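Chemist: Pasting in a structure now, in structure tokens, and then I'll have a few things to ask.
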Amino acid sequence: MIDKTVAGIEEAVAGIHDGATVLMGGFGGAGQPAELIEGLIAQGAKNLTIVNNNAGNGDVGLAALLKARRVRKVICSFPRQADSYVFDALYRAGEVELELVPQGNLAERIRAAGAGIGAFFTPTAYGTPLAEGKETREIDGRHYVLEYPIRADFALIKAFRGDRWGNLVFRKAARNFGPVMAMAARCTIAQVDEIVPLGALDPEIVVTPGIFVHRVVRVASTRAADVAA
Amino acid sequence: MIDKTVAGIEEAVAGIHDGATVLMGGFGGAGQPAELIEGLIAQGAKNLTIVNNNAGNGDVGLAALLKARRVRKVICSFPRQADSYVFDALYRAGEVELELVPQGNLAERIRAAGAGIGAFFTPTAYGTPLAEGKETREIDGRHYVLEYPIRADFALIKAFRGDRWGNLVFRKAARNFGPVMAMAARCTIAQVDEIVPLGALDPEIVVTPGIFVHRVVRVASTRAADVAA
Amino acid sequence: MNRRNRNEIAARVARDIPEGSYVNLGIGLPTLVGNHLPPGLEIFLHSENGILGMGPAPASGAEDPDLINAGKQPVTLLTGGCYFHHADSFAMMRGGHLDICVLGAYQVSATGDLANWSTGEAGAIPAVGGAMDLAAGAKKVFVMMEHLTKAGESKIVERCTYPLTGIGCVKRIYTDLAVIDVTARGLEVIERVDGLSFEELQRLTGARLIPAPEAAAA
Amino acid sequence: MNRRNRNEIAARVARDIPEGSYVNLGIGLPTLVGNHLPPGLEIFLHSENGILGMGPAPASGAEDPDLINAGKQPVTLLTGGCYFHHADSFAMMRGGHLDICVLGAYQVSATGDLANWSTGEAGAIPAVGGAMDLAAGAKKVFVMMEHLTKAGESKIVERCTYPLTGIGCVKRIYTDLAVIDVTARGLEVIERVDGLSFEELQRLTGARLIPAPEAAAA
């Protein structure tokens, strides 16, 4: 019997090694695997490359990981926010590297890694500073920039429900980067609000098939009572 | 009020012009928009480029369209089948052009058109006759072939249920090419077993959002009683 | 003159959005446009974080942390709306499926170049989000901005001095003073606010303007 | 000698598929492998037309035209299986997510080149399906075939004469006579059927073989 569920956060984040590239789901708070990130902080891996849409908010989650000096490089689309002061200070001090990627290129580069695409020509950022030094090409009268996959060792994502085969469904706009990140990591770790018996997820509505998921851990939801809505 | 549903097949296939590129869903019989294809035959457009996984079976559907000499070119992965005699004869007589595309490249090239990708490097077919004359590149030690999008004027697909905004869900393995084809055509026409009121499709389970669909037509299912299963 | 305030600019943009359009409203000022869409019309709002058919802000107390817009504010979903993942969401944007996007800007050039993500200031931390994807992908890019900076400089310029978001992508500019189309002939003034002459508008604008054939005071 | 029949070859392949593997069985001969997977083990069968967790053929009368495998035969779905579209399905194949695929072949070369989609015959209508995607994408490509053609020629060759499906992709070859690994050292014979000597196997094979360190008669 195949059972990808693990008992707790510690087991879920075991083996994340120093120097690993880690995809981190979420857009703002929605879909952010907060407990897995806390687990990663406790686990101690350092010199990490983190791929996330943002670069941390306040003093929790990715910001706390940054504050603990575990992150060598951040790949993201939108680091600067009202409360991104932890990242801001480290960046200004030259203590963390930033690769700024337009959000659509970020999603597509992650998908490319998952789908076996070696590189692709994207219209986004052509003629802008974010395409500087990159290969460009005109195809059918449009200009494109060549972008490469973002492959990762681990993905930490948050889903709504999961089963022991790793099938996942998400909740509303918390889906965001989860499904593409799950495809792109050698080891995808999903925290879910609820683990359901095999077969409880309608085969028509599974968003992330279990083939993309390696560990599933239940984390009691901190959301309001509408969570099951 | 936006209502993409149309009353019948004739209205659904109206405007498909001579010389159009038409994506046709289906893998074998599953997901094949049989009634739309019949409608296209009756409608009369000719000199078409048809993109489908196969090249017709027996004397119906795509085979009938071929037999009526409406097809200039077929782009597909698997033309040769036990009962593909209509295509076989036309091909041998030099009366239809064939572009043979590995099935994964076919799906990915269609998706690329829908996603605005100008071209992509694929590992499939490297070193084979199907990559002859194509640009290749070694990236991170692997060999890739450059492939271009397949853009279309129309897509004819079959879904299970749809609503007036064009949201679609599919049924089992009849999903196959439908969702990617819907993304890649200027005008996507979906035949559905059932038109449901707006809101009847759970927002979490919509497979093809209405933005990709332009016309929806109900066709009474010819499947067995298990259709609602 | 009768300078338009932010809500009036938003209302003016909303008038140009036909029923059935698929529309992305950028974060910041463009979000206001949502408040001015005629309630009877079905217009499909897209949010880059995976929502189509986005509705207005929820009633206080009914916020759902899993249902936010690109600016991370709580929103709702209309009946008939749906959710999808980020790659699918950006496929909609980059694949040319959105009819209109409305973006803020630091500068727009005479040829429709857009600068809206970075002032290029030394030491500033850059952030781009989905702006470049929208600029590259939407069928029509509308810009909504104040005509002048706080320092009184024109944000419409012959050539952008700020880092670009996209080249030649802007179709129409809505400001507190005018509505201007970017055309092959140049910047055509479609509308001026009451009491503002073409000459005065030209004087306030850092690029050459031309009257549109149908130009008229609003 | 004790030549394996098709079902015995399939059973031998099945023995090499560990529990928890994600597996694609190519159309034709490889489909037989599904009948020999130990019923107690959870092995995930993938079908390129958008199924994971594919189950056996349905009872007669229970066929569903919307639930077919890549060979267009009716199948079932296991509890816990799911459906997805073609681009996602081929992302699984091409992105390296399948542990094993089992393919038939016309020829396999000494360096693991595979030819299984076309005999290159003049006037033949080519068809490739998903074979090249599997060859390029699966972590391990197993080939299952008769050792010799009907004309008695070896299908294992120094260099393929038929059009290639993929280069250097084959990991292990299962035939009616032997199990052979494609390694950096060459073609290592892992198993020979009872009563077949290494020398006799070499005589029947169109490429140089070497005994594997652990080689033994089955």
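Here, A, B, ... name the chains of the structure tokens in the order displayed, residue numbers run from 1 inside each chain, and ligands are numbered from 1 in the same displayed order.
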Could you list the residues in chain C lying within 9 Å of chain A, using only C-alpha atoms, and format the result as an MDAnalysis selection string?
Modeler: chainID C and resid 48:51 64:72 82:91 93:94 123:137 163:167
Chemist: What's around A:Val216 at 10 Å? Count only C-alpha atoms, leave out sequence neighbours fewer than 4 positions away in its own chain, and write the answer as a list in words.
Modeler: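 In the requested format, the answer is Asp3, Lys4, Thr5, Val6, Ala7, Gly8, Ile9, Ala12, Ile157, Lys158, Ala159, Arg161, Gly162, Asp163, Arg164, Trp165, Gly166, Asn167, Leu168, Thr188, Ile189, Ala190, Gln191, Val192, Glu194, Ile195 and Gly210 of chain A.
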Chemist: Find the residues of chain B in contact range of chain A, meaning any atom within 7 Å when counting only C-alpha atoms, and list them as a PDB file with N, CA and C atoms, in the first residue's frame.
Modeler:
ATOM      1  N   ILE B 117       3.235  31.489 -26.173  1.00  0.00           N
ATOM      2  CA  ILE B 117       4.641  31.084 -26.292  1.00  0.00           C
ATOM      3  C   ILE B 117       5.026  31.115 -27.775  1.00  0.00           C
ATOM      4  N   GLY B 118       6.156  31.736 -28.091  1.00  0.00           N
ATOM      5  CA  GLY B 118       6.557  31.882 -29.486  1.00  0.00           C
ATOM      6  C   GLY B 118       7.161  30.633 -30.090  1.00  0.00           C
ATOM      7  N   ALA B 119       7.798  29.826 -29.256  1.00  0.00           N
ATOM      8  CA  ALA B 119       8.413  28.568 -29.672  1.00  0.00           C
ATOM      9  C   ALA B 119       9.000  27.953 -28.410  1.00  0.00           C
ATOM     10  N   PHE B 120       9.270  26.646 -28.462  1.00  0.00           N
ATOM     11  CA  PHE B 120       9.830  26.001 -27.267  1.00  0.00           C
ATOM     12  C   PHE B 120      10.737  24.844 -27.666  1.00  0.00           C
ATOM     13  N   PHE B 121      11.672  24.572 -26.789  1.00  0.00           N
ATOM     14  CA  PHE B 121      12.594  23.459 -27.019  1.00  0.00           C
ATOM     15  C   PHE B 121      12.053  22.208 -26.336  1.00  0.00           C
ATOM     16  N   THR B 122      11.836  21.161 -27.119  1.00  0.00           N
ATOM     17  CA  THR B 122      11.249  19.916 -26.630  1.00  0.00           C
ATOM     18  C   THR B 122      12.250  18.768 -26.790  1.00  0.00           C
ATOM     19  N   ILE B 139      20.914  21.893 -24.090  1.00  0.00           N
ATOM     20  CA  ILE B 139      20.705  22.735 -22.904  1.00  0.00           C
ATOM     21  C   ILE B 139      20.923  21.864 -21.678  1.00  0.00           C
ATOM     22  N   TYR B 144      17.539  19.108 -27.482  1.00  0.00           N
ATOM     23  CA  TYR B 144      16.156  19.542 -27.704  1.00  0.00           C
ATOM     24  C   TYR B 144      15.958  19.981 -29.148  1.00  0.00           C
ATOM     25  N   LYS B 172     -14.533  11.980 -17.991  1.00  0.00           N
ATOM     26  CA  LYS B 172     -13.519  10.931 -18.014  1.00  0.00           C
ATOM     27  C   LYS B 172     -12.429  11.242 -19.066  1.00  0.00           C
ATOM     28  N   GLU B 204     -14.750  25.522  -8.523  1.00  0.00           N
ATOM     29  CA  GLU B 204     -13.500  24.783  -8.295  1.00  0.00           C
ATOM     30  C   GLU B 204     -13.257  23.722  -9.362  1.00  0.00           C
ATOM     31  N   ILE B 205     -14.299  23.314 -10.073  1.00  0.00           N
ATOM     32  CA  ILE B 205     -14.154  22.150 -10.955  1.00  0.00           C
ATOM     33  C   ILE B 205     -14.293  22.496 -12.429  1.00  0.00           C
TER      34      ILE B 205
END
Chemist: Do a neighbour search on A:Lys46 at 12 Å with only C-alpha atoms, toss out local chain neighbours closer than 4 positions, and write the hits as a PyMOL selection string.
Modeler: chain A and resi 16-22+40-42+50+65-73
Chemist: Check stretch 54-134 of chain C with DSSP on the backbone and list each residue it calls alpha helix (DSSP H), as a PyMOL selection string.
Modeler: chain C and resi 86-94+131-134
Chemist: Using only C-alpha atoms, pick whichever of D:Ala184, D:Val23, D:Phe198, D:Arg203 has the shortest atom-to-atom distance to D:Val141.
Modeler: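 The closest residue to D:Val141 is D:Val23.
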Chemist: Can you list, as a PyMOL selection string, every protein, DNA or RNA residue that comes within 9 Å of D:Thr175 when you count only C-alpha atoms, leaving out same-chain residues fewer than 2 positions away?
Modeler: chain D and resi 4+6+9+143-148+173+177-180
Chemist: Could you write out the selected residues, including all heavy atoms, as a short mmCIF file (atom, residue, chain, number, x, y, z; two decimals), in the first residue's frame?
Modeler:
data_model
loop_
_atom_site.label_atom_id
_atom_site.label_comp_id
_atom_site.auth_asym_id
_atom_site.auth_seq_id
_atom_site.Cartn_x
_atom_site.Cartn_y
_atom_site.Cartn_z
N ARG D 4 10.36 -18.01 -23.98
CA ARG D 4 9.20 -17.42 -23.30
C ARG D 4 8.13 -17.02 -24.31
O ARG D 4 8.45 -16.44 -25.35
CB ARG D 4 9.61 -16.16 -22.53
CG ARG D 4 10.32 -16.48 -21.24
CD ARG D 4 10.73 -15.21 -20.49
NE ARG D 4 11.27 -15.59 -19.18
CZ ARG D 4 12.30 -15.00 -18.58
NH1 ARG D 4 12.92 -13.98 -19.16
NH2 ARG D 4 12.71 -15.42 -17.40
N ARG D 6 4.56 -14.73 -25.10
CA ARG D 6 4.27 -13.31 -24.86
C ARG D 6 3.86 -13.04 -23.42
O ARG D 6 4.28 -12.06 -22.80
CB ARG D 6 3.17 -12.84 -25.81
CG ARG D 6 3.60 -12.83 -27.27
CD ARG D 6 2.42 -12.99 -28.22
NE ARG D 6 1.36 -12.06 -27.91
CZ ARG D 6 1.06 -10.98 -28.65
NH1 ARG D 6 1.74 -10.73 -29.73
NH2 ARG D 6 0.07 -10.18 -28.31
N ILE D 9 6.88 -13.27 -21.18
CA ILE D 9 7.71 -12.05 -21.24
C ILE D 9 7.05 -10.94 -20.40
O ILE D 9 7.70 -10.27 -19.60
CB ILE D 9 7.89 -11.53 -22.69
CG1 ILE D 9 8.43 -12.63 -23.62
CG2 ILE D 9 8.85 -10.33 -22.71
CD1 ILE D 9 8.51 -12.20 -25.10
N VAL D 143 12.08 -2.17 -23.06
CA VAL D 143 11.55 -2.67 -24.34
C VAL D 143 11.18 -4.14 -24.18
O VAL D 143 11.90 -4.92 -23.54
CB VAL D 143 12.55 -2.47 -25.48
CG1 VAL D 143 12.24 -3.39 -26.66
CG2 VAL D 143 12.54 -1.02 -25.94
N MET D 144 10.07 -4.49 -24.78
CA MET D 144 9.55 -5.85 -24.71
C MET D 144 9.27 -6.29 -26.14
O MET D 144 8.49 -5.64 -26.84
CB MET D 144 8.26 -5.78 -23.89
CG MET D 144 7.50 -7.04 -23.79
SD MET D 144 6.04 -6.73 -22.75
CE MET D 144 5.19 -8.28 -23.05
N MET D 145 9.96 -7.33 -26.58
CA MET D 145 9.79 -7.72 -28.00
C MET D 145 10.29 -9.14 -28.22
O MET D 145 10.98 -9.71 -27.37
CB MET D 145 10.59 -6.75 -28.90
CG MET D 145 12.10 -6.80 -28.67
SD MET D 145 13.00 -5.61 -29.72
CE MET D 145 14.72 -6.06 -29.33
N GLU D 146 9.93 -9.72 -29.35
CA GLU D 146 10.53 -10.98 -29.77
C GLU D 146 12.01 -10.71 -30.07
O GLU D 146 12.35 -9.64 -30.56
CB GLU D 146 9.86 -11.51 -31.03
CG GLU D 146 8.34 -11.65 -30.94
CD GLU D 146 7.92 -12.79 -30.03
OE1 GLU D 146 8.62 -13.82 -29.99
OE2 GLU D 146 6.89 -12.64 -29.34
N HIS D 147 12.84 -11.69 -29.78
CA HIS D 147 14.27 -11.49 -30.03
C HIS D 147 14.56 -11.38 -31.53
O HIS D 147 15.41 -10.59 -31.95
CB HIS D 147 15.06 -12.66 -29.43
CG HIS D 147 16.45 -12.29 -29.04
ND1 HIS D 147 16.77 -11.79 -27.80
CD2 HIS D 147 17.62 -12.32 -29.74
CE1 HIS D 147 18.08 -11.55 -27.74
NE2 HIS D 147 18.61 -11.86 -28.91
N LEU D 148 13.82 -12.16 -32.31
CA LEU D 148 14.06 -12.22 -33.75
C LEU D 148 12.82 -11.82 -34.53
O LEU D 148 11.69 -11.98 -34.04
CB LEU D 148 14.43 -13.66 -34.16
CG LEU D 148 15.60 -14.30 -33.41
CD1 LEU D 148 15.77 -15.76 -33.83
CD2 LEU D 148 16.89 -13.53 -33.65
N ILE D 173 16.02 -4.58 -22.04
CA ILE D 173 15.30 -5.27 -23.13
C ILE D 173 14.84 -6.64 -22.64
O ILE D 173 15.65 -7.41 -22.10
CB ILE D 173 16.24 -5.48 -24.36
CG1 ILE D 173 16.89 -4.15 -24.77
CG2 ILE D 173 15.48 -6.11 -25.51
CD1 ILE D 173 18.10 -4.35 -25.70
N LEU D 177 13.95 -14.67 -25.28
CA LEU D 177 15.18 -15.43 -25.02
C LEU D 177 15.99 -14.92 -23.83
O LEU D 177 16.74 -15.68 -23.23
CB LEU D 177 16.10 -15.39 -26.26
CG LEU D 177 15.51 -15.95 -27.55
CD1 LEU D 177 16.58 -15.92 -28.65
CD2 LEU D 177 14.98 -17.37 -27.35
N ALA D 178 15.86 -13.63 -23.52
CA ALA D 178 16.78 -13.07 -22.53
C ALA D 178 16.28 -11.75 -21.98
O ALA D 178 15.32 -11.16 -22.50
CB ALA D 178 18.16 -12.84 -23.19
N VAL D 179 16.96 -11.34 -20.91
CA VAL D 179 16.79 -9.98 -20.40
C VAL D 179 18.16 -9.31 -20.47
O VAL D 179 19.15 -9.86 -19.98
CB VAL D 179 16.27 -9.97 -18.94
CG1 VAL D 179 16.14 -8.54 -18.42
CG2 VAL D 179 14.96 -10.72 -18.83
N ILE D 180 18.19 -8.15 -21.11
CA ILE D 180 19.48 -7.53 -21.43
C ILE D 180 19.45 -6.06 -21.02
O ILE D 180 18.52 -5.35 -21.36
CB ILE D 180 19.75 -7.65 -22.96
CG1 ILE D 180 19.87 -9.14 -23.33
CG2 ILE D 180 21.00 -6.87 -23.35
CD1 ILE D 180 19.91 -9.39 -24.83
#
Chemist: Would you mind reading off the distance between atom CA of A:Leu62 and atom CA of A:Ala89, one decimal, in Å?
Modeler: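 Computing it gives 14.1 Å between the two atoms.
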Chemist: Identify, on the basis of only C-alpha atoms, every residue whose closest approach to stretch 187-191 of chain C does not exceed 10 Å; exclude the query and any residue fewer than 5 positions from it along the same chain; express the result as a PyMOL selection string.
Modeler: chain C and resi 109-112+156+171-174+177-182+196+198+201-202+207-218
Chemist: Could you take the residues named above and write them with C-alpha atoms, as a PDB file, in the first residue's frame?
Modeler:
ATOM      1  CA  SER C 109       5.751  57.474 -24.672  1.00  0.00           C
ATOM      2  CA  ALA C 110       4.552  58.896 -27.962  1.00  0.00           C
ATOM      3  CA  THR C 111       4.785  55.420 -29.473  1.00  0.00           C
ATOM      4  CA  GLY C 112       2.979  53.660 -26.643  1.00  0.00           C
ATOM      5  CA  ILE C 156       3.313  61.552 -21.404  1.00  0.00           C
ATOM      6  CA  LYS C 171      -3.504  51.755 -26.916  1.00  0.00           C
ATOM      7  CA  ARG C 172      -5.278  54.510 -24.970  1.00  0.00           C
ATOM      8  CA  ILE C 173      -4.361  56.885 -22.126  1.00  0.00           C
ATOM      9  CA  TYR C 174      -6.875  58.240 -19.614  1.00  0.00           C
ATOM     10  CA  LEU C 177      -7.114  66.098 -18.346  1.00  0.00           C
ATOM     11  CA  ALA C 178      -7.748  64.053 -21.475  1.00  0.00           C
ATOM     12  CA  VAL C 179      -8.262  60.782 -23.273  1.00  0.00           C
ATOM     13  CA  ILE C 180      -5.544  60.136 -25.812  1.00  0.00           C
ATOM     14  CA  ASP C 181      -5.138  57.329 -28.330  1.00  0.00           C
ATOM     15  CA  VAL C 182      -1.759  56.005 -29.361  1.00  0.00           C
ATOM     16  CA  LEU C 196      -9.090  72.906 -21.445  1.00  0.00           C
ATOM     17  CA  PHE C 198      -5.975  71.733 -27.188  1.00  0.00           C
ATOM     18  CA  LEU C 201      -3.212  70.460 -23.128  1.00  0.00           C
ATOM     19  CA  GLN C 202      -0.291  70.394 -25.566  1.00  0.00           C
ATOM     20  CA  ALA C 207       5.034  64.798 -26.458  1.00  0.00           C
ATOM     21  CA  ARG C 208       3.424  66.131 -29.603  1.00  0.00           C
ATOM     22  CA  LEU C 209      -0.358  65.724 -29.699  1.00  0.00           C
ATOM     23  CA  ILE C 210      -2.671  65.752 -32.677  1.00  0.00           C
ATOM     24  CA  PRO C 211      -6.403  66.282 -32.661  1.00  0.00           C
ATOM     25  CA  ALA C 212      -8.328  63.127 -33.448  1.00  0.00           C
ATOM     26  CA  PRO C 213     -10.736  63.396 -36.361  1.00  0.00           C
ATOM     27  CA  GLU C 214     -13.666  63.087 -33.961  1.00  0.00           C
ATOM     28  CA  ALA C 215     -12.038  64.966 -31.055  1.00  0.00           C
ATOM     29  CA  ALA C 216     -14.380  66.991 -28.880  1.00  0.00           C
ATOM     30  CA  ALA C 217     -14.481  68.433 -25.392  1.00  0.00           C
ATOM     31  CA  ALA C 218     -16.058  65.971 -22.948  1.00  0.00           C
TER      32      ALA C 218
END
Chemist: Could you pull the residues within 7 Å of C:Lys140, counting only C-alpha atoms, minus those fewer than 4 positions along the same chain, as an NGL selection string?
Modeler: :C and (99-101 or 171)
Chemist: Please report the interatomic distance between atom CA of B:Ala152 and atom CA of B:Ala182 in Å with one decimal.
Modeler: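 Distance between the two atoms: 9.9 Å.
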Chemist: Please provide as a PyMOL selection string all residues within 6 Å of stretch 36-45 of chain D, with the sequence filter that same-chain residues fewer than 2 positions apart are discarded (counting only C-alpha atoms).
Modeler: (chain A and resi 1) or (chain D and resi 11+14+19-24+33-34+52-54)
